[in-house]
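> Pasting a structure here, questions to come.
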Protein chains: 2
Amino acid sequence: MSQQRHGNTPGNAGAVPAFPDLPEATIARLPEYLRALHNLAEAGSDTISSEGLAAAAGVNSAKLRKDLSHLGSYGTRGVGYDVTLLIDQIEYILGLDQRRAVALVGVGNLGHALAGYDGFASRGFRIVALFDADLEQVGKAINGLTVRHVGELRRSVVEDGITIGVISTPPSAAQGVADDLVAAGVTSILNFAPCVLSVPAGVDVRKVDLAIELQILSFHEHRKASLTALPGGLVGEGENQEAVGS
Amino acid sequence: MSQQRHGNTPGNAGAVPAFPDLPEATIARLPEYLRALHNLAEAGSDTISSEGLAAAAGVNSAKLRKDLSHLGSYGTRGVGYDVTLLIDQIEYILGLDQRRAVALVGVGNLGHALAGYDGFASRGFRIVALFDADLEQVGKAINGLTVRHVGELRRSVVEDGITIGVISTPPSAAQGVADDLVAAGVTSILNFAPCVLSVPAGVDVRKVDLAIELQILSFHEHRKASLTALPGGLVGEGENQEAVGS
DNA sequence: CGCGATTTGTGCACGCCTTCACAAGCGCCT
DNA sequence: AGGCGCTTGTGAAGGCGTGCACAAATCGCG
Ligand SMILES: NC(=O)c1ccc[n+]([C@@H]2O[C@H](COP(=O)([O-])OP(=O)(O)OC[C@H]3O[C@@H](n4cnc5c(N)ncnc54)[C@H](O)[C@@H]3O)[C@@H](O)[C@H]2O)c1
Ligand SMILES: NC(=O)c1ccc[n+]([C@@H]2O[C@H](COP(=O)([O-])OP(=O)(O)OC[C@H]3O[C@@H](n4cnc5c(N)ncnc54)[C@H](O)[C@@H]3O)[C@@H](O)[C@H]2O)c1
């Protein structure tokens, strides 16, 4: 059974190297599997088949198996995966067992919502510092945290062991904030401002642009509408056939 | 010159079909190009080379050219792309010239921020209705819109011509809300709740899960840390060499 | 009017990702 | 103890996306 004795780590006694280089696509799905696994654990399941987990995560079961196989062999043929073991493995790979410290810069409309969100705690993160340039905001308390001036960023990053920075300032300020974060030693940034950030190699940036998401949906709406309007009639559910244009 | 006379549409006199089926990857990048183009237009540029636009959008120039070539031939060799023309084309393809009506369901922490965000207007959308199940919230006004009870959703979707629904309720309520939206005729959903939604074929769902983004960043942090800690020493910038684990 | 500089549009090759299909492995039941 | 059914892990194939490299096209200038 290879004892649950993987314990907390890179003990590396198994077939897989201490840090397998997973395909990017796989990495992006692991969090989804993790969420589904937590739900299953809460529901009382001890084991889960690839089919079941795939359904819960909304993916193809073959894809899921291949993804998990990259982590090592944590399933049992004829049975499925041990839910708890798999949770531990994925959390370890994702580096979530450290409860990473996150800094949030720009406590405006969106920043407030993020700072007040308690859902991050259960997903492996602690927002430990809030920053803003506006003196009006500095000093205010949100969810037990006091907003500090952005000038204190560098010191805080070191003192609080911050590894991830979240930017929710207007786009005009985003690059400057990113530079500050990088200078302070942060090597991962989540950017909500609709702009491109340029950072040195070795720093990871992920961007979340809600308008882009809506625009992608808009494209598909547009496409669906133009298909129902066309003579082809390839679409099954076409009740509202409204002619387009001419 | 093929006259700017494409006018407002699927006149379809060109080489490209009225509705080219673009690769999904291309569609996801068009909004980024559009944003960059708007910035350029504002800065006074009339034309822009693929190299310049690619830099502004943060992508490879060859990729950009291939993406744009799918829309048709809107560039001029030796010159570049006409900024205004390209904006119009991309907006047409994305279906943004209609200023799509969006409904927001779940006016809580996050919903408030979204409802109060004025940035959507300039990107082609109008949030025209807010819904919540909590009677405490119903009746409140946010940014000129009154929060309505979720029971009015169906009527509103029809009356207001809503085509996109945004879900920012707790995950436990999300599937129900999605069902309501679909029943009301909405065929595109943007979901902020961390859960998988199941919807009938023909309905598009996009998901935004902030915790997942952080977890992906966390993985890379973890990987970077384990590399600097290893004897290999492949990394250049390793000042804070803190041993991992043991 | 022709030539060179510039930039687009694209053929091609390569690598990544997805999916199918199945052998290998495991537990349970008889 | 042995066989049977179930599930994992993976080889192979196909499709998609990326990026190079270059021919075709356009402009400006002499
Ligand atoms: N609110 C939303 O729902 C929403 C949706 C999509 C995108 N966004 C984007 O998220 C970002 C934030 O949006 P918002 O609505 O919260 O804007 P906001 O104006 O309400 O808040 C921005 C905050 O950033 C602070 N700030 C400005 N410059 C700063 C600096 N240099 N350092 C630190 N703080 C600084 C401001 O003082 C302000 O508190 C914007 O880029 C916006 O485009 C927001
Ligand atoms: N706040 C954030 O920064 C944040 C970050 C990431 C993810 N999320 C996710 O976004 C969603 C919303 O988060 P939040 O912080 O705004 O939560 P919230 O509890 O503050 O707000 C949820 C709102 O939805 C309403 N609601 C509940 N059931 C409903 C129903 N059936 N129909 C209509 N409305 C209903 C509630 O009355 C409440 O107003 C959650 O799923 C959360 O996990 C939020």
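By convention here, the chains of the structure tokens are called A, B, ... in the order presented, each chain's residues are numbered starting at 1, and ligands are numbered starting at 1 in the order presented.
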Would you please give, as JSON, numbers by chain, all residues of segment 57-212 of chain A that DSSP assigns to helix (DSSP H, G or I) based on the backbone?
{"A": [57, 61, 62, 63, 64, 65, 66, 67, 68, 69, 83, 84, 85, 86, 87, 88, 89, 90, 91, 92, 93, 94, 96, 97, 98, 109, 110, 111, 112, 113, 114, 115, 121, 122, 123, 150, 151, 152, 153, 154, 155, 156, 157, 158, 159, 160, 171, 172, 173, 174, 175, 176, 177, 178, 179, 180, 181, 182, 183, 184, 210, 211, 212]}
> For the residues selected in the previous step, produce a file with C-alpha atoms as a PDB file, in the first residue's frame.

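Saved result, again_21.pdb, follows:
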```pdb
ATOM      1  CA  ALA A  57     -14.903  18.692 -11.862  1.00  0.00           C
ATOM      2  CA  SER A  61     -12.325  11.161 -17.233  1.00  0.00           C
ATOM      3  CA  ALA A  62      -9.393  10.129 -19.433  1.00  0.00           C
ATOM      4  CA  LYS A  63      -8.000  13.611 -19.139  1.00  0.00           C
ATOM      5  CA  LEU A  64      -8.351  13.493 -15.402  1.00  0.00           C
ATOM      6  CA  ARG A  65      -6.547  10.172 -15.158  1.00  0.00           C
ATOM      7  CA  LYS A  66      -3.708  11.414 -17.290  1.00  0.00           C
ATOM      8  CA  ASP A  67      -3.449  14.571 -15.218  1.00  0.00           C
ATOM      9  CA  LEU A  68      -3.322  12.633 -11.974  1.00  0.00           C
ATOM     10  CA  SER A  69      -0.882  10.116 -13.377  1.00  0.00           C
ATOM     11  CA  VAL A  83      -9.963  11.220  -1.458  1.00  0.00           C
ATOM     12  CA  THR A  84      -7.899  12.378   1.500  1.00  0.00           C
ATOM     13  CA  LEU A  85      -4.622  11.178   0.067  1.00  0.00           C
ATOM     14  CA  LEU A  86      -5.299  12.889  -3.228  1.00  0.00           C
ATOM     15  CA  ILE A  87      -6.230  16.140  -1.503  1.00  0.00           C
ATOM     16  CA  ASP A  88      -2.951  16.084   0.390  1.00  0.00           C
ATOM     17  CA  GLN A  89      -0.983  15.344  -2.758  1.00  0.00           C
ATOM     18  CA  ILE A  90      -2.577  18.093  -4.822  1.00  0.00           C
ATOM     19  CA  GLU A  91      -2.261  20.607  -2.010  1.00  0.00           C
ATOM     20  CA  TYR A  92       1.368  19.713  -1.639  1.00  0.00           C
ATOM     21  CA  ILE A  93       2.063  20.084  -5.345  1.00  0.00           C
ATOM     22  CA  LEU A  94       0.249  23.406  -5.451  1.00  0.00           C
ATOM     23  CA  LEU A  96      -0.970  25.261  -0.480  1.00  0.00           C
ATOM     24  CA  ASP A  97       0.173  23.611   2.735  1.00  0.00           C
ATOM     25  CA  GLN A  98       2.008  26.803   3.553  1.00  0.00           C
ATOM     26  CA  ASN A 109     -14.529  49.094  -5.365  1.00  0.00           C
ATOM     27  CA  LEU A 110     -13.184  45.669  -6.295  1.00  0.00           C
ATOM     28  CA  GLY A 111     -10.405  45.581  -3.705  1.00  0.00           C
ATOM     29  CA  HIS A 112     -12.955  45.927  -0.931  1.00  0.00           C
ATOM     30  CA  ALA A 113     -14.861  42.909  -2.156  1.00  0.00           C
ATOM     31  CA  LEU A 114     -11.698  40.834  -2.370  1.00  0.00           C
ATOM     32  CA  ALA A 115     -10.475  41.918   1.047  1.00  0.00           C
ATOM     33  CA  ALA A 121      -8.807  31.169   3.630  1.00  0.00           C
ATOM     34  CA  SER A 122     -10.218  27.743   2.874  1.00  0.00           C
ATOM     35  CA  ARG A 123      -8.379  27.582  -0.424  1.00  0.00           C
ATOM     36  CA  VAL A 150       1.623  51.746  -0.527  1.00  0.00           C
ATOM     37  CA  GLY A 151       4.990  53.152   0.526  1.00  0.00           C
ATOM     38  CA  GLU A 152       5.200  50.552   3.265  1.00  0.00           C
ATOM     39  CA  LEU A 153       4.896  47.772   0.735  1.00  0.00           C
ATOM     40  CA  ARG A 154       8.532  46.816   0.563  1.00  0.00           C
ATOM     41  CA  ARG A 155       8.943  46.436   4.293  1.00  0.00           C
ATOM     42  CA  SER A 156       5.714  44.520   4.653  1.00  0.00           C
ATOM     43  CA  VAL A 157       6.580  42.032   1.932  1.00  0.00           C
ATOM     44  CA  VAL A 158       9.710  41.046   3.784  1.00  0.00           C
ATOM     45  CA  GLU A 159       8.271  41.105   7.291  1.00  0.00           C
ATOM     46  CA  ASP A 160       5.084  39.266   6.469  1.00  0.00           C
ATOM     47  CA  PRO A 171      -4.836  50.392 -15.027  1.00  0.00           C
ATOM     48  CA  SER A 172      -2.844  53.621 -15.065  1.00  0.00           C
ATOM     49  CA  ALA A 173      -1.304  52.743 -11.711  1.00  0.00           C
ATOM     50  CA  ALA A 174      -0.887  49.014 -12.298  1.00  0.00           C
ATOM     51  CA  GLN A 175       2.549  48.972 -13.910  1.00  0.00           C
ATOM     52  CA  GLY A 176       3.983  51.132 -11.145  1.00  0.00           C
ATOM     53  CA  VAL A 177       2.516  48.905  -8.484  1.00  0.00           C
ATOM     54  CA  ALA A 178       3.830  45.827 -10.268  1.00  0.00           C
ATOM     55  CA  ASP A 179       7.304  47.363 -10.324  1.00  0.00           C
ATOM     56  CA  ASP A 180       7.054  48.059  -6.602  1.00  0.00           C
ATOM     57  CA  LEU A 181       5.929  44.525  -5.875  1.00  0.00           C
ATOM     58  CA  VAL A 182       8.756  43.056  -7.903  1.00  0.00           C
ATOM     59  CA  ALA A 183      11.287  45.357  -6.266  1.00  0.00           C
ATOM     60  CA  ALA A 184      10.010  44.188  -2.897  1.00  0.00           C
ATOM     61  CA  LEU A 210     -13.944  40.489 -16.572  1.00  0.00           C
ATOM     62  CA  ALA A 211     -14.762  42.546 -19.632  1.00  0.00           C
ATOM     63  CA  ILE A 212     -12.812  40.086 -21.752  1.00  0.00           C
TER      64      ILE A 212
END
```
> May I have the residues within 12 Å of segment 4-17 of chain C as a PyMOL selection string, using only C-alpha atoms (C1' of nucleotides) and disregarding those fewer than 6 positions away in the same chain?
(chain A and resi 23-26+63+66-67) or (chain B and resi 48-52+61-81) or (chain D and resi 14-30)
> Interatomic distance between atom CA of Val199 of chain A and atom CA of Val208 of chain B?
23.9 Å
> Using only C-alpha atoms, which chain A residues lie at most 8 Å away from chain B, written as a count of residues only?
46
> Excluding DA13 of chain D and its own-chain neighbours fewer than 4 positions away, which residues fall within 12 Å of it when counting only C-alpha atoms (C1' of nucleotides)? Please give them as a count of residues only.
4
> Compute the chain D side of the contact with chain A at 6 Å, counting only C-alpha atoms (C1' of nucleotides), and hand it back as a list of chain:residue names.
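Residues passing the distance filter: D:DC6, D:DT7, D:DT8.
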> To one decimal place in Å, what is the distance between atom CA of Leu130 of chain B and atom 19 (O, counted along the ligand's line) of ligand 1?
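Computed distance, atom CA of Leu130 of chain B to atom 19 (O, counted along the ligand's line) of ligand 1, equals 21.1 Å.
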> Among segment 49-117 of chain B, which ones does DSSP place in strand (DSSP E), written as an MDAnalysis selection string?
chainID B and resid 75:76 80:82 100:105
> For the selection just defined, write its residues with all heavy atoms to a file, as a PDB file, in the first residue's frame.

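And here's out.pdb as it stands now:
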```pdb
ATOM      1  N   GLY B  75      -5.341  44.701 -43.305  1.00  0.00           N
ATOM      2  CA  GLY B  75      -4.075  45.416 -43.177  1.00  0.00           C
ATOM      3  C   GLY B  75      -3.594  45.870 -44.543  1.00  0.00           C
ATOM      4  O   GLY B  75      -4.119  45.438 -45.572  1.00  0.00           O
ATOM      5  N   THR B  76      -2.603  46.737 -44.521  1.00  0.00           N
ATOM      6  CA  THR B  76      -2.020  47.173 -45.789  1.00  0.00           C
ATOM      7  C   THR B  76      -0.525  46.892 -45.722  1.00  0.00           C
ATOM      8  O   THR B  76       0.154  47.403 -44.824  1.00  0.00           O
ATOM      9  CB  THR B  76      -2.226  48.681 -45.995  1.00  0.00           C
ATOM     10  OG1 THR B  76      -3.608  48.983 -45.902  1.00  0.00           O
ATOM     11  CG2 THR B  76      -1.706  49.087 -47.367  1.00  0.00           C
ATOM     12  N   GLY B  80       0.597  48.766 -42.379  1.00  0.00           N
ATOM     13  CA  GLY B  80       0.068  48.274 -41.109  1.00  0.00           C
ATOM     14  C   GLY B  80      -1.446  48.214 -41.148  1.00  0.00           C
ATOM     15  O   GLY B  80      -2.043  48.121 -42.218  1.00  0.00           O
ATOM     16  N   TYR B  81      -2.050  48.246 -39.976  1.00  0.00           N
ATOM     17  CA  TYR B  81      -3.510  48.163 -39.901  1.00  0.00           C
ATOM     18  C   TYR B  81      -4.108  49.529 -39.584  1.00  0.00           C
ATOM     19  O   TYR B  81      -3.551  50.288 -38.794  1.00  0.00           O
ATOM     20  CB  TYR B  81      -3.907  47.172 -38.808  1.00  0.00           C
ATOM     21  CG  TYR B  81      -3.437  45.762 -39.074  1.00  0.00           C
ATOM     22  CD1 TYR B  81      -2.210  45.312 -38.608  1.00  0.00           C
ATOM     23  CD2 TYR B  81      -4.222  44.890 -39.818  1.00  0.00           C
ATOM     24  CE1 TYR B  81      -1.775  44.025 -38.855  1.00  0.00           C
ATOM     25  CE2 TYR B  81      -3.797  43.589 -40.074  1.00  0.00           C
ATOM     26  CZ  TYR B  81      -2.571  43.169 -39.590  1.00  0.00           C
ATOM     27  OH  TYR B  81      -2.144  41.883 -39.853  1.00  0.00           O
ATOM     28  N   ASP B  82      -5.249  49.814 -40.186  1.00  0.00           N
ATOM     29  CA  ASP B  82      -5.968  51.043 -39.891  1.00  0.00           C
ATOM     30  C   ASP B  82      -6.651  50.830 -38.538  1.00  0.00           C
ATOM     31  O   ASP B  82      -7.498  49.952 -38.392  1.00  0.00           O
ATOM     32  CB  ASP B  82      -7.006  51.302 -40.976  1.00  0.00           C
ATOM     33  CG  ASP B  82      -7.793  52.577 -40.714  1.00  0.00           C
ATOM     34  OD1 ASP B  82      -8.449  52.659 -39.647  1.00  0.00           O
ATOM     35  OD2 ASP B  82      -7.759  53.482 -41.555  1.00  0.00           O
ATOM     36  N   ARG B 100     -24.640  44.983 -25.496  1.00  0.00           N
ATOM     37  CA  ARG B 100     -25.419  43.907 -24.905  1.00  0.00           C
ATOM     38  C   ARG B 100     -25.902  44.167 -23.478  1.00  0.00           C
ATOM     39  O   ARG B 100     -25.163  44.693 -22.659  1.00  0.00           O
ATOM     40  CB  ARG B 100     -24.595  42.615 -24.900  1.00  0.00           C
ATOM     41  CG  ARG B 100     -24.437  42.063 -26.279  1.00  0.00           C
ATOM     42  CD  ARG B 100     -23.738  40.742 -26.314  1.00  0.00           C
ATOM     43  NE  ARG B 100     -23.604  40.341 -27.705  1.00  0.00           N
ATOM     44  CZ  ARG B 100     -24.584  39.772 -28.389  1.00  0.00           C
ATOM     45  NH1 ARG B 100     -25.738  39.503 -27.800  1.00  0.00           N
ATOM     46  NH2 ARG B 100     -24.420  39.464 -29.655  1.00  0.00           N
ATOM     47  N   ALA B 101     -27.127  43.753 -23.250  1.00  0.00           N
ATOM     48  CA  ALA B 101     -27.727  43.921 -21.927  1.00  0.00           C
ATOM     49  C   ALA B 101     -27.327  42.754 -21.033  1.00  0.00           C
ATOM     50  O   ALA B 101     -27.426  41.595 -21.427  1.00  0.00           O
ATOM     51  CB  ALA B 101     -29.243  43.978 -22.052  1.00  0.00           C
ATOM     52  N   VAL B 102     -26.867  43.075 -19.851  1.00  0.00           N
ATOM     53  CA  VAL B 102     -26.401  42.063 -18.908  1.00  0.00           C
ATOM     54  C   VAL B 102     -27.196  42.114 -17.611  1.00  0.00           C
ATOM     55  O   VAL B 102     -27.507  43.196 -17.115  1.00  0.00           O
ATOM     56  CB  VAL B 102     -24.910  42.297 -18.575  1.00  0.00           C
ATOM     57  CG1 VAL B 102     -24.426  41.332 -17.518  1.00  0.00           C
ATOM     58  CG2 VAL B 102     -24.063  42.208 -19.832  1.00  0.00           C
ATOM     59  N   ALA B 103     -27.522  40.939 -17.086  1.00  0.00           N
ATOM     60  CA  ALA B 103     -28.200  40.877 -15.789  1.00  0.00           C
ATOM     61  C   ALA B 103     -27.215  40.346 -14.763  1.00  0.00           C
ATOM     62  O   ALA B 103     -26.419  39.446 -15.059  1.00  0.00           O
ATOM     63  CB  ALA B 103     -29.399  39.947 -15.865  1.00  0.00           C
ATOM     64  N   LEU B 104     -27.241  40.905 -13.586  1.00  0.00           N
ATOM     65  CA  LEU B 104     -26.350  40.466 -12.520  1.00  0.00           C
ATOM     66  C   LEU B 104     -27.183  39.873 -11.388  1.00  0.00           C
ATOM     67  O   LEU B 104     -28.077  40.530 -10.859  1.00  0.00           O
ATOM     68  CB  LEU B 104     -25.552  41.667 -12.008  1.00  0.00           C
ATOM     69  CG  LEU B 104     -24.622  41.448 -10.818  1.00  0.00           C
ATOM     70  CD1 LEU B 104     -23.540  40.439 -11.150  1.00  0.00           C
ATOM     71  CD2 LEU B 104     -23.973  42.776 -10.423  1.00  0.00           C
ATOM     72  N   VAL B 105     -26.899  38.627 -11.049  1.00  0.00           N
ATOM     73  CA  VAL B 105     -27.677  37.966 -10.001  1.00  0.00           C
ATOM     74  C   VAL B 105     -26.808  37.699  -8.777  1.00  0.00           C
ATOM     75  O   VAL B 105     -25.778  37.032  -8.877  1.00  0.00           O
ATOM     76  CB  VAL B 105     -28.253  36.627 -10.505  1.00  0.00           C
ATOM     77  CG1 VAL B 105     -29.204  36.047  -9.458  1.00  0.00           C
ATOM     78  CG2 VAL B 105     -28.967  36.807 -11.834  1.00  0.00           C
TER      79      VAL B 105
END
```
> Determine which residues of chain C sit within 7 Å of chain A, taking into account only C-alpha atoms (C1' of nucleotides), and present them as JSON, numbers by chain.
{"C": [25, 26, 27]}
> I'd like the contact shell of DT30 of chain C - 10 Å cut-off, only C-alpha atoms (C1' of nucleotides), skipping same-chain residues fewer than 2 positions apart - returned as number ranges by chain.
C: 28; D: 2-3
> Just to be explicit: take each residue in the selection above, keep C-alpha atoms (C1' of nucleotides), and write the result as an mmCIF file, in the first residue's frame.

```cif
data_model
loop_
_atom_site.group_PDB
_atom_site.id
_atom_site.type_symbol
_atom_site.label_atom_id
_atom_site.label_comp_id
_atom_site.auth_asym_id
_atom_site.auth_seq_id
_atom_site.Cartn_x
_atom_site.Cartn_y
_atom_site.Cartn_z
ATOM 1 C "C1'" DC C 28 -14.551 -9.267 -3.956
ATOM 2 C "C1'" DG D 2 -9.481 -18.857 -8.465
ATOM 3 C "C1'" DG D 3 -12.130 -16.237 -11.530
#
```
> What is the atom 2 (C, counted along the ligand's line) of ligand 2 to atom CA of Ser45 of chain A distance in Å?
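Atom-to-atom, atom 2 (C, counted along the ligand's line) of ligand 2 and atom CA of Ser45 of chain A are spaced 28.6 Å apart.
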